[in-house]
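Colleague: Sharing a structure with you now.
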Amino acid sequence: MLEEYVKVYDGPLYPTKQVLELACAAQRFNGEYLKNEEAVYDKDNQNILYFKISNKALIRYTIDPENQNLIGMEQYMTLLKITPEDIARAEEIKTYYKKLVFAAISGDNDFLTTVNSILNSEMVGLDKFGYVACLPSVQLKDQIHSKVKKVAKQVNETYLANPGSWLTDLDCEILESIKSKNFEGFNICAIIDNKMVGWISKNNLNIGPCVVVKAKVKDHSTHWKHGNAVTRLHYVKAAQ
């Protein structure tokens, strides 16, 4: 497999295991997957304070700091350090994609086919770093989506309360916390009393147990993908 790859790629090769562990380190360092550099502004949203470097660029810089065209980004670069947590996370990712090997072999999913090829090779080239860089984020999202799909088949198809009702002190299970593309915040999908609820949170909430201290029912809706009845909330005060 490596010989076939080298025939079409003549750049430097790096240990796949190391690159994947660095991908996990980059995800941990940034707290998310960044495909491109991202400017961070001051509170007035006018002046750039600094730049967050993409996960792929952090990996490339760490693995070969002398061979980079930084274009004025030197001061924002960081040499990643692989921790035991990153090593364990990399192994978890490899195990996860091994379970999807039949989908990759069938060729129905180009992304899975490429990922399977990369993870089964001892070395990987710079041209495939983008695939490896996104794996910690993609794998986690896949797991979350699978859980949401499973829960969606089991929840009660009723609403939690009527619009305008106030709710207090409710045990909750956060299923998803996804950064909104349209608002400054995160789209939350959760379960309360075996009913699906959702709201927009200013803060990213952890997947798992949560307490809705106080909230107001905004309206009744349906899940964008699975079609379940969803009670939309606002003015939510949540604690974890």
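The way I read the labels, and the way they are meant: chains A, B, ... in the order of the structure tokens, residue 1 as the first residue of every chain, and ligand 1 as the first ligand shown, with later ones counted on from there.
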Find the residues around Asp193 in chain A up to 10 Å (only C-alpha atoms counted), leave out those fewer than 3 positions away in its own chain, and share them as a ChimeraX atom specification.
Modeller: /A:155-156,159-160,170-173,196-197
Colleague: Show which residues sit within 6 Å of Leu175 in chain A, as a ChimeraX atom specification. Count only C-alpha atoms, and ignore same-chain residues fewer than 6 positions away.
Modeller: /A:189-190,207
Colleague: Generate the output file for the selected residues, C-alpha atoms, as a PDB file, in the first residue's frame.
Modeller:
```pdb
ATOM      1  CA  CYS A 189     -29.932  19.003  21.913  1.00  0.00           C
ATOM      2  CA  ALA A 190     -30.900  17.298  25.155  1.00  0.00           C
ATOM      3  CA  ILE A 207     -22.022  15.946  26.678  1.00  0.00           C
TER       4      ILE A 207
END
```
Colleague: Contacts of Asn162 in chain A at 12 Å or less, counting only C-alpha atoms, minus same-chain residues fewer than 6 places along, as JSON, numbers by chain?
Modeller: {"A": [216, 217, 218, 219, 220, 221, 230, 231, 232, 233]}
Colleague: Using only C-alpha atoms, find the one residue out of A:Lys56, A:Lys35, A:Lys99, A:Lys128 that sits nearest to Tyr14 in chain A.
Modeller: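 The closest residue to Tyr14 in chain A is A:Lys128.
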Colleague: What separation in Å, quoted to one decimal, exists between CA of Lys195 in chain A and CA of Val212 in chain A?
Modeller: 13.8 Å
Colleague: From a DSSP pass on the backbone, collect the residues of range 95-174 of chain A flagged as strand (DSSP E or B) and hand them back as a PyMOL selection string.
Modeller: chain A and resi 123-125+166-174
Colleague: Restricting it to C-alpha atoms, dump the selection as a CSV table (one decimal), in the first residue's frame.
Modeller:
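Saved file again-v7.csv follows:
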```
chain,number,residue,atom,x,y,z
A,123,MET,CA,3.8,6.6,6.9
A,124,VAL,CA,1.7,9.5,5.6
A,125,GLY,CA,2.6,12.5,3.4
A,166,TRP,CA,-41.5,28.2,33.2
A,167,LEU,CA,-39.5,25.1,34.1
A,168,THR,CA,-37.3,24.7,37.1
A,169,ASP,CA,-34.8,22.2,38.6
A,170,LEU,CA,-35.0,19.4,35.9
A,171,ASP,CA,-32.4,16.6,35.4
A,172,CYS,CA,-31.2,16.8,31.8
A,173,GLU,CA,-28.9,14.8,29.5
A,174,ILE,CA,-27.0,16.8,27.0
```
Colleague: One number please: CA of Phe111 in chain A to CA of Ile188 in chain A, in Å, one decimal.
Modeller: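 Here the two named atoms are 27.0 Å from each other.
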Colleague: Among the residues of range 18-183 of chain A, find those DSSP assigns to alpha helix (DSSP H) from the backbone and print them as a VMD selection string.
Modeller: chain A and resid 18 to 30 55 to 63 84 to 98 101 to 106 110 to 119 129 to 152
Colleague: Closest to Asp142 in chain A among A:Thr158, A:Glu122, A:Leu79, A:Tyr96, using only C-alpha atoms?
Modeller: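 Ranked by minimum distance to Asp142 in chain A, first place goes to A:Tyr96.
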Colleague: Kindly indicate which residue among A:Lys179, A:Lys94, A:His223, A:Lys147 lies nearest to Thr16 in chain A, using only C-alpha atoms for the distances.
Modeller: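 Distance minimum relative to Thr16 in chain A lands on A:Lys94.
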Colleague: Any idea what's packed within 7 Å of range 75-78 of chain A, counting only C-alpha atoms, ignoring anything in its chain fewer than 6 positions away? Could you give it as a list in words?
Modeller: Phe51, Ile53 and Leu58 of chain A
Colleague: Would you mind exporting N, CA and C atoms of the selected residues as a PDB file, in the first residue's frame?
Modeller:
```
ATOM      1  N   PHE A  51      -4.298  35.479  16.468  1.00  0.00           N
ATOM      2  CA  PHE A  51      -4.857  34.481  15.554  1.00  0.00           C
ATOM      3  C   PHE A  51      -4.759  33.091  16.176  1.00  0.00           C
ATOM      4  N   ILE A  53      -4.373  29.299  15.252  1.00  0.00           N
ATOM      5  CA  ILE A  53      -3.801  28.595  14.114  1.00  0.00           C
ATOM      6  C   ILE A  53      -4.564  27.300  13.841  1.00  0.00           C
ATOM      7  N   LEU A  58      -0.676  23.583  12.886  1.00  0.00           N
ATOM      8  CA  LEU A  58       0.022  23.278  14.134  1.00  0.00           C
ATOM      9  C   LEU A  58       0.758  21.948  14.040  1.00  0.00           C
TER      10      LEU A  58
END
```
